[in-house]
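Trainee: This is the content of query_21.cif (mmCIF, C-alpha atoms):
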data_start
#
loop_
_atom_site.label_atom_id
_atom_site.label_comp_id
_atom_site.auth_asym_id
_atom_site.auth_seq_id
_atom_site.Cartn_x
_atom_site.Cartn_y
_atom_site.Cartn_z
CA MET V 1 -3.03 -13.30 7.90
CA SER V 2 -4.08 -9.79 6.87
CA ARG V 3 -7.61 -8.90 7.96
CA LEU V 4 -9.73 -5.84 7.47
CA ARG V 5 -9.84 -3.45 10.39
CA PRO V 6 -11.95 -1.71 11.27
CA PRO V 7 -14.68 -3.90 9.77
CA VAL V 8 -17.21 -2.35 7.41
CA GLY V 9 -19.44 0.11 9.26
CA PRO V 10 -22.18 2.67 8.69
CA ASP V 11 -19.71 5.36 7.59
CA ASP V 12 -18.43 3.31 4.68
CA HIS V 13 -19.51 3.90 1.09
CA ALA V 14 -21.43 0.74 0.23
CA GLN V 15 -23.54 -0.66 -2.58
CA GLY V 16 -25.77 -3.66 -2.00
CA PRO V 17 -27.56 -4.99 1.06
CA ALA V 18 -25.87 -4.83 4.47
CA ASP V 19 -26.90 -8.44 5.09
CA ALA V 20 -25.48 -9.78 1.83
CA PRO V 21 -23.59 -13.05 2.40
CA VAL V 22 -20.42 -11.54 0.98
CA THR V 23 -18.87 -8.10 1.37
CA LEU V 24 -16.15 -7.12 -1.07
CA VAL V 25 -14.01 -4.17 0.04
CA GLU V 26 -11.69 -2.37 -2.33
CA TYR V 27 -8.92 -0.03 -1.25
CA GLY V 28 -8.39 2.05 -4.35
CA ASP V 29 -6.65 5.07 -5.82
CA TYR V 30 -8.50 7.10 -8.47
CA GLU V 31 -5.37 7.70 -10.53
CA CYS V 32 -4.13 4.11 -10.43
CA PRO V 33 -4.60 2.54 -13.86
CA TYR V 34 -5.04 -0.94 -12.34
CA CYS V 35 -7.93 0.38 -10.24
CA GLY V 36 -9.32 1.90 -13.43
CA ARG V 37 -9.16 -1.50 -15.08
CA ALA V 38 -10.76 -3.14 -12.04
CA ALA V 39 -13.76 -0.75 -12.04
CA PRO V 40 -15.74 -2.34 -14.91
CA ILE V 41 -14.81 -5.83 -13.67
CA ILE V 42 -16.39 -5.04 -10.31
CA GLN V 43 -19.49 -3.67 -12.01
CA ARG V 44 -19.89 -6.89 -14.00
CA VAL V 45 -19.42 -8.99 -10.85
CA GLN V 46 -22.02 -6.85 -9.07
CA ARG V 47 -24.49 -7.39 -11.92
CA ARG V 48 -23.90 -11.12 -11.89
CA LEU V 49 -24.31 -11.50 -8.13
CA GLY V 50 -27.04 -8.93 -7.47
CA ASP V 51 -28.18 -8.87 -3.83
CA ARG V 52 -25.74 -11.57 -2.85
CA LEU V 53 -22.93 -8.99 -2.82
CA ARG V 54 -22.21 -5.80 -0.93
CA PHE V 55 -19.37 -3.68 -2.37
CA VAL V 56 -17.48 -1.13 -0.29
CA PHE V 57 -14.86 1.38 -1.47
CA ARG V 58 -12.21 2.90 0.78
CA ASN V 59 -9.68 5.50 -0.33
CA PHE V 60 -6.03 4.59 -0.67
CA PRO V 61 -4.48 7.47 -2.62
CA LEU V 62 -0.76 6.95 -3.28
CA SER V 63 -0.28 10.67 -3.73
CA GLU V 64 3.52 10.55 -3.95
CA MET V 65 3.13 8.58 -7.16
CA HIS V 66 -0.23 9.90 -8.31
CA PRO V 67 -0.46 13.68 -7.93
CA HIS V 68 -4.19 13.80 -8.71
CA ALA V 69 -5.29 10.87 -6.57
CA GLU V 70 -5.95 12.86 -3.42
CA HIS V 71 -8.09 15.52 -5.11
CA ALA V 72 -10.03 12.92 -7.05
CA ALA V 73 -10.83 11.26 -3.72
CA GLU V 74 -11.90 14.67 -2.39
CA ALA V 75 -14.24 15.05 -5.37
CA ALA V 76 -15.93 11.71 -4.72
CA GLU V 77 -16.27 12.45 -1.00
CA SER V 78 -17.68 15.88 -1.77
CA ALA V 79 -20.26 14.36 -4.12
CA GLY V 80 -21.16 11.89 -1.39
CA ALA V 81 -21.58 14.61 1.21
CA ARG V 82 -23.68 16.73 -1.17
CA ALA V 83 -25.78 14.09 -2.90
CA GLY V 84 -25.70 11.09 -0.60
CA ASN V 85 -24.64 7.56 -1.35
CA ASP V 86 -25.85 7.74 -4.97
CA GLY V 87 -23.86 10.92 -5.48
CA PHE V 88 -20.71 9.28 -4.21
CA TRP V 89 -21.06 6.28 -6.49
CA ALA V 90 -21.96 8.37 -9.53
CA MET V 91 -18.83 10.46 -9.03
CA HIS V 92 -16.74 7.37 -8.29
CA ASP V 93 -17.84 5.78 -11.56
CA ALA V 94 -17.37 9.02 -13.51
CA ILE V 95 -13.79 9.46 -12.28
CA TYR V 96 -12.82 5.94 -13.30
CA ALA V 97 -14.65 6.29 -16.61
CA HIS V 98 -12.65 9.44 -17.44
CA GLN V 99 -9.35 8.36 -15.87
CA GLN V 100 -7.57 7.60 -19.14
CA ASP V 101 -9.06 10.41 -21.26
CA ASP V 102 -5.87 12.50 -21.30
CA ASP V 103 -3.11 13.80 -19.00
CA ASP V 104 -5.36 16.32 -17.31
CA ALA V 105 -8.36 14.03 -16.92
CA LEU V 106 -8.19 14.24 -13.13
CA GLY V 107 -7.29 17.93 -12.83
CA ASP V 108 -9.39 19.95 -10.36
CA ALA V 109 -11.41 21.78 -13.04
CA ARG V 110 -12.21 18.55 -14.84
CA LEU V 111 -13.31 16.86 -11.62
CA ALA V 112 -15.68 19.78 -11.06
CA GLU V 113 -16.91 19.39 -14.63
CA TYR V 114 -17.79 15.72 -14.06
CA ALA V 115 -19.64 16.74 -10.89
CA GLY V 116 -21.58 19.33 -12.90
CA GLU V 117 -22.51 16.73 -15.50
CA LEU V 118 -24.01 14.64 -12.68
CA GLY V 119 -26.22 17.55 -11.67
CA LEU V 120 -24.09 18.63 -8.72
CA ASP V 121 -22.95 22.18 -8.08
CA GLY V 122 -19.55 21.99 -9.79
CA ARG V 123 -18.23 25.18 -8.21
CA ALA V 124 -19.10 24.01 -4.72
CA VAL V 125 -17.40 20.68 -5.37
CA LEU V 126 -14.37 22.53 -6.70
CA GLY V 127 -14.30 24.55 -3.47
CA ASP V 128 -14.36 21.35 -1.41
CA ILE V 129 -11.55 19.90 -3.51
CA ARG V 130 -9.34 22.96 -3.13
CA GLN V 131 -9.97 23.17 0.61
CA GLU V 132 -9.31 19.44 0.92
CA ARG V 133 -12.39 19.36 3.05
CA TYR V 134 -12.50 15.58 3.46
CA ALA V 135 -8.76 15.07 4.00
CA ASP V 136 -9.25 13.55 7.46
CA ARG V 137 -11.68 10.96 6.21
CA ILE V 138 -9.45 10.08 3.28
CA GLN V 139 -6.41 9.77 5.55
CA GLY V 140 -8.50 7.66 7.94
CA ASP V 141 -9.35 5.28 5.11
CA PHE V 142 -5.69 5.21 4.08
CA MET V 143 -4.39 4.35 7.55
CA SER V 144 -7.07 1.70 8.06
CA GLY V 145 -5.77 0.16 4.84
CA VAL V 146 -2.16 0.26 6.03
CA ARG V 147 -3.24 -1.43 9.27
CA SER V 148 -5.22 -4.03 7.37
CA GLY V 149 -2.25 -5.04 5.24
CA VAL V 150 -3.10 -3.17 2.05
CA ASN V 151 0.00 -3.53 -0.08
CA GLY V 152 -0.79 -1.66 -3.26
CA THR V 153 -3.77 -0.66 -5.30
CA PRO V 154 -6.23 -2.11 -5.79
CA THR V 155 -6.29 -4.35 -2.72
CA PHE V 156 -9.47 -6.37 -2.11
CA PHE V 157 -10.86 -7.98 1.01
CA VAL V 158 -13.49 -10.70 0.73
CA ASN V 159 -15.47 -10.94 3.98
CA GLY V 160 -12.59 -9.25 5.74
CA VAL V 161 -9.77 -11.42 4.40
CA ARG V 162 -7.21 -9.96 2.00
CA LEU V 163 -7.38 -11.42 -1.48
CA ASP V 164 -3.82 -12.17 -2.56
CA GLY V 165 -4.67 -13.73 -5.90
CA SER V 166 -5.97 -12.41 -9.20
CA TRP V 167 -8.97 -10.08 -9.39
CA GLU V 168 -9.89 -10.89 -12.98
CA GLU V 169 -13.65 -11.37 -13.27
CA GLU V 170 -13.81 -15.14 -13.00
CA ASP V 171 -11.19 -15.27 -10.23
CA LEU V 172 -13.00 -12.61 -8.25
CA LEU V 173 -16.27 -14.52 -8.65
CA THR V 174 -14.62 -17.74 -7.50
CA ALA V 175 -13.19 -16.01 -4.41
CA ILE V 176 -16.56 -14.46 -3.60
CA GLU V 177 -18.44 -17.70 -4.12
CA GLY V 178 -15.92 -19.51 -1.91
CA ALA V 179 -16.55 -17.02 0.88
CA SER V 180 -20.29 -17.22 0.27
CA GLY V 181 -20.19 -20.98 0.81
CA GLN V 182 -18.60 -20.45 4.21
CA ALA V 183 -21.01 -17.74 5.26
CA MET J 1 9.11 -19.02 5.11
CA ASN J 2 12.82 -18.95 4.51
CA SER J 3 14.37 -20.39 7.62
CA SER J 4 17.84 -18.98 6.96
CA ALA J 5 16.82 -15.34 7.56
CA LEU J 6 18.43 -13.87 10.66
CA LYS J 7 16.15 -14.13 13.67
CA PRO J 8 15.12 -11.60 16.30
CA GLY J 9 17.76 -11.18 18.99
CA THR J 10 20.62 -11.42 16.49
CA PRO J 11 22.92 -8.40 16.16
CA ALA J 12 22.30 -6.93 12.71
CA PRO J 13 25.39 -7.35 10.51
CA ASP J 14 26.79 -3.92 9.68
CA PHE J 15 27.25 -2.90 6.07
CA THR J 16 28.14 0.06 3.92
CA LEU J 17 26.41 0.33 0.54
CA ARG J 18 26.07 3.01 -2.08
CA SER J 19 22.78 4.88 -2.20
CA THR J 20 23.76 7.20 -5.07
CA PRO J 21 26.76 7.28 -7.41
CA ASP J 22 28.67 9.40 -4.87
CA GLN J 23 27.10 8.61 -1.49
CA SER J 24 27.24 5.63 0.84
CA VAL J 25 25.09 4.62 3.77
CA SER J 26 26.20 2.49 6.72
CA LEU J 27 23.85 0.74 9.08
CA ALA J 28 26.03 2.00 11.95
CA ASP J 29 25.06 5.59 11.01
CA PHE J 30 21.60 4.85 12.39
CA ARG J 31 22.59 3.83 15.94
CA GLY J 32 20.12 5.34 18.38
CA GLN J 33 17.17 5.07 16.04
CA ASN J 34 15.16 2.20 14.66
CA VAL J 35 15.79 1.00 11.13
CA VAL J 36 13.44 -0.91 8.87
CA LEU J 37 15.56 -2.89 6.44
CA VAL J 38 13.51 -3.66 3.36
CA PHE J 39 15.00 -6.25 1.01
CA TYR J 40 13.04 -6.27 -2.24
CA PRO J 41 13.60 -8.14 -5.52
CA ALA J 42 13.91 -5.27 -7.98
CA ASP J 43 13.23 -1.64 -8.84
CA TRP J 44 10.47 -0.99 -11.38
CA SER J 45 7.99 -3.51 -10.08
CA PRO J 46 5.15 -3.51 -12.59
CA VAL J 47 2.36 -2.78 -10.14
CA CYS J 48 1.06 0.47 -8.78
CA GLY J 49 1.72 1.00 -5.19
CA ASP J 50 4.42 -1.55 -4.95
CA GLN J 51 6.12 -2.14 -1.63
CA ILE J 52 8.58 0.74 -1.95
CA ALA J 53 5.89 3.20 -3.03
CA LEU J 54 3.75 2.15 -0.08
CA TYR J 55 6.56 2.66 2.45
CA ASN J 56 7.35 5.98 0.82
CA GLN J 57 3.76 7.07 1.28
CA ILE J 58 3.74 6.16 4.98
CA LEU J 59 7.17 7.62 5.74
CA PRO J 60 5.64 10.06 8.28
CA GLU J 61 4.21 7.10 10.19
CA PHE J 62 7.60 5.33 10.28
CA ARG J 63 9.30 8.50 11.48
CA ARG J 64 6.65 9.06 14.14
CA LEU J 65 7.71 5.67 15.46
CA GLY J 66 11.39 6.67 15.41
CA ALA J 67 12.28 4.55 12.41
CA GLU J 68 14.03 5.13 9.11
CA PRO J 69 13.40 2.69 6.25
CA LEU J 70 16.28 1.55 4.05
CA GLY J 71 15.47 -0.25 0.80
CA ILE J 72 18.00 -2.81 -0.48
CA SER J 73 18.03 -4.60 -3.80
CA VAL J 74 20.70 -5.89 -6.17
CA ASP J 75 19.99 -3.06 -8.61
CA GLY J 76 22.83 -0.61 -9.27
CA VAL J 77 22.98 3.02 -8.17
CA TRP J 78 21.96 4.46 -11.53
CA CYS J 79 18.91 2.23 -11.61
CA HIS J 80 18.01 3.24 -8.04
CA ARG J 81 18.44 6.89 -8.97
CA ALA J 82 16.10 6.67 -11.96
CA PHE J 83 13.55 4.67 -9.98
CA GLY J 84 13.76 6.96 -6.95
CA GLU J 85 13.31 10.06 -9.10
CA ALA J 86 10.44 8.61 -11.12
CA ARG J 87 8.50 7.52 -8.03
CA HIS J 88 9.54 10.39 -5.74
CA ILE J 89 11.06 8.06 -3.17
CA HIS J 90 12.19 9.98 -0.08
CA PHE J 91 14.28 7.33 1.67
CA PRO J 92 17.55 5.63 0.70
CA LEU J 93 17.59 2.78 -1.78
CA LEU J 94 20.83 0.86 -1.37
CA ALA J 95 22.66 -1.05 -4.07
CA ASP J 96 23.70 -4.55 -2.98
CA PHE J 97 25.41 -4.71 -6.32
CA GLU J 98 29.09 -5.55 -5.88
CA PRO J 99 29.77 -8.15 -4.72
CA LYS J 100 26.25 -8.91 -5.82
CA GLY J 101 23.86 -9.78 -3.01
CA GLU J 102 26.60 -9.87 -0.36
CA VAL J 103 24.54 -8.06 2.29
CA ALA J 104 21.44 -10.10 1.50
CA ARG J 105 23.53 -13.27 1.98
CA ARG J 106 24.68 -12.08 5.39
CA TYR J 107 21.06 -11.59 6.40
CA GLY J 108 20.13 -15.00 4.99
CA VAL J 109 17.78 -13.62 2.34
CA TYR J 110 19.54 -14.09 -1.00
CA ARG J 111 17.88 -16.21 -3.70
CA GLU J 112 20.75 -17.89 -5.55
CA LYS J 113 18.66 -19.19 -8.41
CA GLU J 114 16.97 -15.90 -9.24
CA GLY J 115 19.94 -13.70 -8.38
CA THR J 116 17.76 -11.37 -6.32
CA THR J 117 16.97 -10.90 -2.66
CA GLU J 118 13.91 -12.29 -0.93
CA ARG J 119 11.11 -9.92 -0.02
CA ALA J 120 12.34 -9.67 3.55
CA LEU J 121 11.81 -7.18 6.35
CA PHE J 122 13.98 -6.59 9.40
CA VAL J 123 13.22 -4.16 12.21
CA ILE J 124 16.49 -3.20 13.92
CA ASP J 125 16.54 -1.26 17.19
CA GLY J 126 18.76 1.64 18.20
CA ASP J 127 21.38 -0.76 19.59
CA GLY J 128 21.70 -2.51 16.23
CA VAL J 129 19.84 -5.67 17.25
CA ILE J 130 17.24 -7.33 15.02
CA ARG J 131 13.93 -7.25 16.88
CA TRP J 132 11.54 -8.55 14.22
CA SER J 133 11.94 -10.16 10.83
CA TYR J 134 9.62 -11.47 8.18
CA VAL J 135 10.16 -13.16 4.83
CA SER J 136 7.17 -12.84 2.57
CA PRO J 137 6.09 -15.65 0.24
CA VAL J 138 7.34 -15.11 -3.30
CA GLY J 139 5.14 -12.68 -5.15
CA VAL J 140 3.26 -11.43 -2.10
CA ASN J 141 3.94 -7.87 -1.08
CA PRO J 142 3.81 -7.97 2.73
CA GLY J 143 2.37 -4.47 3.21
CA ALA J 144 3.26 -2.45 6.30
CA ASP J 145 1.02 -3.70 9.09
CA GLY J 146 3.61 -6.10 10.54
CA ILE J 147 6.35 -3.45 10.55
CA LEU J 148 4.17 -0.88 12.31
CA GLU J 149 3.15 -3.41 14.97
CA ALA J 150 6.80 -4.34 15.55
CA LEU J 151 7.81 -0.67 15.87
CA GLU J 152 4.97 0.00 18.28
CA GLY J 153 6.10 -3.00 20.30
CA LEU J 154 9.58 -1.48 20.53
CA GLN J 155 8.19 1.87 21.50
CA ALA J 156 6.14 0.30 24.25
CA GLY J 157 9.30 -1.41 25.51
CA ARG J 158 7.91 -4.83 24.84
CA GLY J 159 9.69 -5.81 21.67
CA GLU J 160 9.83 -9.53 21.15
CA PRO J 161 13.36 -10.90 21.20
CA ALA J 162 11.65 -14.25 20.44
CA GLY J 163 13.86 -16.54 22.44
CA ALA J 164 17.35 -15.46 21.54
CA GLY J 165 17.46 -12.52 23.98
CA ARG J 166 20.32 -10.08 24.25
#
Starting from the file, give its structure as structure tokens.
Mentor:
Amino acid sequence: MSRLRPPVGPDDHAQGPADAPVTLVEYGDYECPYCGRAAPIIQRVQRRLGDRLRFVFRNFPLSEMHPHAEHAAEAAESAGARAGNDGFWAMHDAIYAHQQDDDDALGDARLAEYAGELGLDGRAVLGDIRQERYADRIQGDFMSGVRSGVNGTPTFFVNGVRLDGSWEEEDLLTAIEGASGQA
Amino acid sequence: MNSSALKPGTPAPDFTLRSTPDQSVSLADFRGQNVVLVFYPADWSPVCGDQIALYNQILPEFRRLGAEPLGISVDGVWCHRAFGEARHIHFPLLADFEPKGEVARRYGVYREKEGTTERALFVIDGDGVIRWSYVSPVGVNPGADGILEALEGLQAGRGEPAGAGR
């Protein structure tokens, strides 16, 4: 019933070939511990499927519950704007890798620190975070998720169809391979 | 789908339930504006971004469409208070607590065996008539897309009374 809209386009953050038989979209929140747990699962699935999979991430910060989620999304968007697609994904991975370090792991200064460790200008990223420079894009992602039937984080879409079942590694692979067979 | 849930075109049964230990909310208080009645099984759902958290996050969107959400579960007022405070919920959570599940029964969405309500949504217009309803399969959080479409339909003056009419 719930389908992704708008479909994946050139403005999305994507890894993997655009003509891959399967596109997996995640709506995620950087402070959500379930999304943190999903991050390495997705990486393993990506390694196992290689060029047969394109992975796309859209922001879905539940900021009422997660006070740092919005600024963490700003940090990843800033890295993407400053260092391209690779910059976005490096920051994305760094945020999830540090998510559970301690209570302040996603504070503004720490986000800037992670950016610095990736070779980005940490102070400039911090400025972007504080200005909430990419708020419109983040809100656009969020509302597209609401319209697509996102019901919590993480929510996955496999070739545009919401995945209502488990996203454990084997289950995710089964769902992807099922969609691949139909493609 | 639970076929006993009240259908579009049906006048929404009025009720008065406690939202806090010393405050009550009546459906009739909301005449003239749309109401989204959200029956949900329990506070403290063990997932991030559960249904209530999602609706809380998109409260501005509901209000833009002239609607106020009301959450209803069989949890008591003290439970609702703790949950609402912990998750920063900015809309009323009503306690269908005594007699347990009475309002859910009147809307046809009580699960006798489990002793909780269904995950059911009702969009009620300013005249107190149900204009859209949906019962989600057990365990599937329905999200908000259906509600927003129903509210936009009302706003455009083409709500779907789906047969029953008014």
Trainee: Using all atoms listed in the file, find the residues of chain J whose closest atom to chain V is at most 12 Å away, then write them as a VMD selection string.
Mentor: chain J and resid 45 to 62 83 to 90 136 to 149
Trainee: Excluding J:Pro11 and any residue of its chain fewer than 5 positions from it, enumerate the residues within 12 Å of it, using all atoms listed in the file, and give them as a PyMOL selection string.
Mentor: chain J and resi 6+27-28+106-107+122-132+161+164-166
Trainee: Name the residues captured by the PyMOL selection byres ((chain J and resi 98) around 10) when it is applied to the shown file; answer as an MDAnalysis selection string.
Mentor: chainID J and resid 17:18 74:76 95:97 99:103
Trainee: Quick one, how far is atom CA of V:Val8 from atom CA of V:Gly127?
Mentor: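 Answer for the atom CA of V:Val8 to atom CA of V:Gly127 separation: 29.2 Å.
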Trainee: List the residues selected by the PyMOL selection byres ((chain V and resi 59) around 9) in the file shown, writing them as a VMD selection string.
Mentor: chain V and resid 26 to 30 57 to 58 60 to 61 70 73 137 to 142 145
Trainee: Which residues, named as in the file, does the PyMOL selection byres ((chain V and resi 92) around 9) pick out? Answer as a PyMOL selection string.
Mentor: chain V and resi 30+72-73+75-77+79+87-91+93-97
Trainee: So which residues are close to (13.8, -1.4, -0.3), meaning at most 6 Å away in the file's coordinates with all atoms listed in the file counted, and can you show them as an mmCIF file with C-alpha atoms, keeping the file's coordinate frame?
Mentor:
data_model
loop_
_atom_site.group_PDB
_atom_site.id
_atom_site.type_symbol
_atom_site.label_atom_id
_atom_site.label_comp_id
_atom_site.auth_asym_id
_atom_site.auth_seq_id
_atom_site.Cartn_x
_atom_site.Cartn_y
_atom_site.Cartn_z
ATOM 1 C CA VAL J 38 13.510 -3.660 3.360
ATOM 2 C CA PHE J 39 15.000 -6.250 1.010
ATOM 3 C CA TYR J 40 13.040 -6.270 -2.240
ATOM 4 C CA ILE J 52 8.580 0.740 -1.950
ATOM 5 C CA LEU J 70 16.280 1.550 4.050
ATOM 6 C CA GLY J 71 15.470 -0.250 0.800
ATOM 7 C CA ILE J 72 18.000 -2.810 -0.480
ATOM 8 C CA LEU J 93 17.590 2.780 -1.780
#
Trainee: Could you check the closest approach to J:Thr116 for each of J:Gly153, J:Pro41, J:Pro21, J:Pro13 and tell me which residue wins, using all atoms listed in the file?
Mentor: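 Closest to J:Thr116, using all atoms listed in the file: J:Pro41.
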Trainee: Pick out the closest residue to V:Pro17 from this set: V:His71, V:Arg162, V:Arg110, V:Arg54. Count only C-alpha atoms.
Mentor: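 Nearest to V:Pro17: V:Arg54.
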Trainee: Just to confirm, what's the straight-line distance from atom CA of V:Thr23 to atom CA of V:Arg5 in Å (one decimal)?
Mentor: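 Separation of atom CA of V:Thr23 and atom CA of V:Arg5: 13.6 Å.
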Trainee: Rounded to one decimal, what separation in Å do you get between atom CA of V:Arg82 and atom CA of V:Val125?
Mentor: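 Here the two named atoms are 8.5 Å from each other.
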Trainee: Compile the contact shell of V:Leu49 as a list in words: residues with an atom at most 10 Å away, counting only C-alpha atoms, same-chain residues fewer than 3 positions apart removed.
Mentor: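 Counting only the stated atoms, we get Val22, Gln43, Arg44, Val45, Gln46, Arg52, Leu53, Arg54, Leu173, Ile176 and Glu177 of chain V.
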Trainee: Using only C-alpha atoms for the distances, tell me which of J:Ala5, J:Leu37, J:Ala12, J:Ala67 is nearest to J:Leu151.
Mentor: J:Ala67
Trainee: How big is the axis-aligned box around all listed atoms of stretch 84-96 of chain V once 6 Å goes on each side, and where's its centre, in Å to one decimal, as JSON?
Mentor:
{"center_x": -19.3, "center_y": 8.4, "center_z": -7.1, "size_x": 25.0, "size_y": 17.3, "size_z": 24.9}
Trainee: Could you add whatever atoms are missing so that stretch 130-145 of chain J carries N, CA and C atoms, then write the result as a PDB file, in the coordinates of the input?
Mentor:
ATOM      1  N   ILE J 130      18.470  -6.992  15.748  1.00  0.00           N
ATOM      2  CA  ILE J 130      17.240  -7.330  15.020  1.00  0.00           C
ATOM      3  C   ILE J 130      16.151  -7.663  16.036  1.00  0.00           C
ATOM      4  N   ARG J 131      15.019  -7.000  15.920  1.00  0.00           N
ATOM      5  CA  ARG J 131      13.930  -7.250  16.880  1.00  0.00           C
ATOM      6  C   ARG J 131      12.731  -7.929  16.230  1.00  0.00           C
ATOM      7  N   TRP J 132      12.667  -7.911  14.914  1.00  0.00           N
ATOM      8  CA  TRP J 132      11.540  -8.550  14.220  1.00  0.00           C
ATOM      9  C   TRP J 132      12.000  -8.802  12.789  1.00  0.00           C
ATOM     10  N   SER J 133      11.614  -9.936  12.244  1.00  0.00           N
ATOM     11  CA  SER J 133      11.940 -10.160  10.830  1.00  0.00           C
ATOM     12  C   SER J 133      10.817 -10.970  10.185  1.00  0.00           C
ATOM     13  N   TYR J 134      10.700 -10.789   8.906  1.00  0.00           N
ATOM     14  CA  TYR J 134       9.620 -11.470   8.180  1.00  0.00           C
ATOM     15  C   TYR J 134      10.054 -11.673   6.736  1.00  0.00           C
ATOM     16  N   VAL J 135       9.904 -12.894   6.245  1.00  0.00           N
ATOM     17  CA  VAL J 135      10.160 -13.160   4.830  1.00  0.00           C
ATOM     18  C   VAL J 135       8.833 -13.488   4.191  1.00  0.00           C
ATOM     19  N   SER J 136       8.472 -12.697   3.204  1.00  0.00           N
ATOM     20  CA  SER J 136       7.170 -12.840   2.570  1.00  0.00           C
ATOM     21  C   SER J 136       7.224 -13.957   1.525  1.00  0.00           C
ATOM     22  N   PRO J 137       6.116 -14.686   1.331  1.00  0.00           N
ATOM     23  CA  PRO J 137       6.090 -15.650   0.240  1.00  0.00           C
ATOM     24  C   PRO J 137       6.392 -14.957  -1.096  1.00  0.00           C
ATOM     25  N   VAL J 138       6.980 -15.688  -2.001  1.00  0.00           N
ATOM     26  CA  VAL J 138       7.340 -15.110  -3.300  1.00  0.00           C
ATOM     27  C   VAL J 138       6.093 -14.503  -3.943  1.00  0.00           C
ATOM     28  N   GLY J 139       6.242 -13.299  -4.419  1.00  0.00           N
ATOM     29  CA  GLY J 139       5.140 -12.680  -5.150  1.00  0.00           C
ATOM     30  C   GLY J 139       4.110 -12.008  -4.273  1.00  0.00           C
ATOM     31  N   VAL J 140       4.229 -12.116  -2.964  1.00  0.00           N
ATOM     32  CA  VAL J 140       3.260 -11.430  -2.100  1.00  0.00           C
ATOM     33  C   VAL J 140       3.937 -10.251  -1.413  1.00  0.00           C
ATOM     34  N   ASN J 141       3.457  -9.085  -1.718  1.00  0.00           N
ATOM     35  CA  ASN J 141       3.940  -7.870  -1.080  1.00  0.00           C
ATOM     36  C   ASN J 141       3.393  -7.852   0.345  1.00  0.00           C
ATOM     37  N   PRO J 142       4.276  -7.789   1.345  1.00  0.00           N
ATOM     38  CA  PRO J 142       3.810  -7.970   2.730  1.00  0.00           C
ATOM     39  C   PRO J 142       3.067  -6.768   3.308  1.00  0.00           C
ATOM     40  N   GLY J 143       3.048  -5.622   2.617  1.00  0.00           N
ATOM     41  CA  GLY J 143       2.370  -4.470   3.210  1.00  0.00           C
ATOM     42  C   GLY J 143       3.180  -3.917   4.372  1.00  0.00           C
ATOM     43  N   ALA J 144       2.529  -3.145   5.230  1.00  0.00           N
ATOM     44  CA  ALA J 144       3.260  -2.450   6.300  1.00  0.00           C
ATOM     45  C   ALA J 144       2.730  -2.758   7.682  1.00  0.00           C
ATOM     46  N   ASP J 145       1.645  -3.515   7.777  1.00  0.00           N
ATOM     47  CA  ASP J 145       1.020  -3.700   9.090  1.00  0.00           C
ATOM     48  C   ASP J 145       1.963  -4.378  10.093  1.00  0.00           C
TER      49      ASP J 145
END
